[in-house]
Amino acid sequence: MELRELGGTGLRVSAVGFGASPLGNVFGDVPRDAARAAVRRALDLGINFFDTSPYYGGTISESVLGDCLRHAAVPRDRVVVATKCGRYKDEGFDFSADRVTRSIDESLARLGLDYVDILHAHDIEFTHLDQIVNETIPALQKIKESGKARFIGITGLPLSIYPYVLDRVAPGSVDLILSYCHYGINDTSLVELLPYLKSKGVGVISASPLSMGLLTDNGPPEWHPAPEELKVYP
């Protein structure tokens, strides 16, 4: 598996990562033995990057991923683990400094880790972006300084959110962005933003190349935001 430098973080991550939202039963029930087998197979194939969130399955994804990594007995320095904050299944969106600060401790407990490699603010388009600039990112920086997260980032669907935030924070305040559904066979619009992100020194994670199930044989889940005419169910 090819390893790539992730922006300016110094992290070397597999070109293909393991998106752990399915471990939260987001796309259907995943038995624990199947989850453990999937993570073990990923590791065997050279995948070292694992991404989760407390939102996925209402914290289930984080707990299951932590269990799977412990079951695989993989050394901590052999994997890059990313999680998120600010979006919760039962609470909705809360990007306040207080909630973000409590969130990382909760995530670490579920994952069974002392730190995560990456902590993202999750789907920031659902709050006022000025809150992200003035409150959330400073809180994330304090978490980074504490050692509970090595690097920090922001995620969301609309590409316009990234220049808005990055143009309003000090250089180096944000290490990474995670964009999803904008680099696949149906949508390559992320490419146009790459020179800007490079100029800002921000690393890029492109998630959901299958557009959240839209491009799979099984078709997308019912909650998928694509227009009905694009959804094809078996």
# chains A, B, ... in the order shown; residues from 1 in each chain; ligands from 1
call {"tool": "select_by_dssp", "arguments": {"residues": "range 15-145 of chain A", "states": "strand (DSSP E)", "output": "list in words"}}
result
Phe18, Gly19, Phe49, Phe50, Asp51, Val80, Val81, Ala82, Thr83, Lys84, Cys85, Arg87, Tyr88, Gly92, Phe93, Val116, Asp117, Ile118, Leu119, His120 and Ala121 of chain A
call {"tool": "select_by_dssp", "arguments": {"residues": "range 1-228 of chain A", "states": "helix (DSSP H, G or I)", "output": "ChimeraX atom specification"}}
result
/A:21-24,32-44,60-72,76-78,97-111,124-126,129-146,161-166,190-199,228
call {"tool": "closest_residue", "arguments": {"among": "A:Ser107, A:Asn218, A:Ser173, A:Ser160", "to": "Pro138 in chain A", "atoms": "only C-alpha atoms"}}
result
A:Ser173
call {"tool": "closest_residue", "arguments": {"among": "A:Ala121, A:Val26, A:Val81, A:Leu157", "to": "Gly58 in chain A", "atoms": "only C-alpha atoms"}}
result
A:Val26
call {"tool": "residues_around", "arguments": {"residues": "Val30 in chain A", "least_positions_apart": "5", "cutoff": "12 Å", "atoms": "only C-alpha atoms", "output": "JSON, numbers by chain"}}
result
{"A": [20, 21, 22, 23, 24, 25, 35, 36, 37, 38, 57, 60, 61, 64, 65]}
call {"tool": "write_last_selection", "arguments": {"atoms": "N, CA and C atoms", "output": "PDB file, in the first residue's frame"}}
result
ATOM      1  N   ALA A  20     -14.791   4.487   9.111  1.00  0.00           N
ATOM      2  CA  ALA A  20     -15.414   3.582  10.083  1.00  0.00           C
ATOM      3  C   ALA A  20     -16.876   3.886  10.366  1.00  0.00           C
ATOM      4  N   SER A  21     -17.517   4.733   9.573  1.00  0.00           N
ATOM      5  CA  SER A  21     -18.945   4.954   9.819  1.00  0.00           C
ATOM      6  C   SER A  21     -19.760   3.668   9.718  1.00  0.00           C
ATOM      7  N   PRO A  22     -19.430   2.730   8.810  1.00  0.00           N
ATOM      8  CA  PRO A  22     -20.202   1.478   8.779  1.00  0.00           C
ATOM      9  C   PRO A  22     -20.131   0.683  10.086  1.00  0.00           C
ATOM     10  N   LEU A  23     -19.064   0.861  10.858  1.00  0.00           N
ATOM     11  CA  LEU A  23     -18.968   0.160  12.133  1.00  0.00           C
ATOM     12  C   LEU A  23     -20.007   0.661  13.126  1.00  0.00           C
ATOM     13  N   GLY A  24     -20.585   1.818  12.834  1.00  0.00           N
ATOM     14  CA  GLY A  24     -21.681   2.341  13.639  1.00  0.00           C
ATOM     15  C   GLY A  24     -23.036   1.941  13.094  1.00  0.00           C
ATOM     16  N   ASN A  25     -23.039   0.960  12.203  1.00  0.00           N
ATOM     17  CA  ASN A  25     -24.278   0.433  11.602  1.00  0.00           C
ATOM     18  C   ASN A  25     -25.025   1.491  10.788  1.00  0.00           C
ATOM     19  N   ALA A  35     -16.853  -6.814  11.916  1.00  0.00           N
ATOM     20  CA  ALA A  35     -16.113  -5.560  12.095  1.00  0.00           C
ATOM     21  C   ALA A  35     -14.646  -5.850  12.392  1.00  0.00           C
ATOM     22  N   ARG A  36     -14.401  -6.786  13.293  1.00  0.00           N
ATOM     23  CA  ARG A  36     -13.015  -7.127  13.620  1.00  0.00           C
ATOM     24  C   ARG A  36     -12.282  -7.685  12.408  1.00  0.00           C
ATOM     25  N   ALA A  37     -12.975  -8.497  11.636  1.00  0.00           N
ATOM     26  CA  ALA A  37     -12.359  -9.089  10.444  1.00  0.00           C
ATOM     27  C   ALA A  37     -12.044  -8.009   9.402  1.00  0.00           C
ATOM     28  N   ALA A  38     -12.927  -7.033   9.271  1.00  0.00           N
ATOM     29  CA  ALA A  38     -12.706  -5.963   8.295  1.00  0.00           C
ATOM     30  C   ALA A  38     -11.494  -5.116   8.668  1.00  0.00           C
ATOM     31  N   GLY A  57     -23.455   6.333  14.242  1.00  0.00           N
ATOM     32  CA  GLY A  57     -24.112   5.323  15.056  1.00  0.00           C
ATOM     33  C   GLY A  57     -24.331   5.760  16.488  1.00  0.00           C
ATOM     34  N   ILE A  60     -21.364   4.527  18.509  1.00  0.00           N
ATOM     35  CA  ILE A  60     -21.052   3.103  18.326  1.00  0.00           C
ATOM     36  C   ILE A  60     -19.781   2.925  17.503  1.00  0.00           C
ATOM     37  N   SER A  61     -19.628   3.706  16.439  1.00  0.00           N
ATOM     38  CA  SER A  61     -18.463   3.551  15.570  1.00  0.00           C
ATOM     39  C   SER A  61     -17.161   3.698  16.342  1.00  0.00           C
ATOM     40  N   VAL A  64     -16.645   0.603  18.630  1.00  0.00           N
ATOM     41  CA  VAL A  64     -16.332  -0.617  17.880  1.00  0.00           C
ATOM     42  C   VAL A  64     -14.946  -0.523  17.261  1.00  0.00           C
ATOM     43  N   LEU A  65     -14.597   0.628  16.708  1.00  0.00           N
ATOM     44  CA  LEU A  65     -13.261   0.770  16.138  1.00  0.00           C
ATOM     45  C   LEU A  65     -12.198   0.565  17.206  1.00  0.00           C
TER      46      LEU A  65
END
call {"tool": "residues_around", "arguments": {"residues": "range 195-199 of chain A", "least_positions_apart": "5", "cutoff": "10 Å", "atoms": "only C-alpha atoms", "output": "list of chain:residue names"}}
result
A:Gly7, A:Gly8, A:Tyr162, A:Pro163, A:Leu166, A:Leu176, A:Ile177, A:Val204
call {"tool": "residues_around", "arguments": {"residues": "range 95-102 of chain A", "least_positions_apart": "3", "cutoff": "9 Å", "atoms": "only C-alpha atoms", "output": "number ranges by chain"}}
result
A: 85-87, 105-107, 121-122, 124, 127, 131-132, 135-140, 142-143
call {"tool": "closest_residue", "arguments": {"among": "A:Leu193, A:Ala42, A:Ala226, A:Ala34", "to": "Gly19 in chain A", "atoms": "only C-alpha atoms"}}
result
A:Ala42
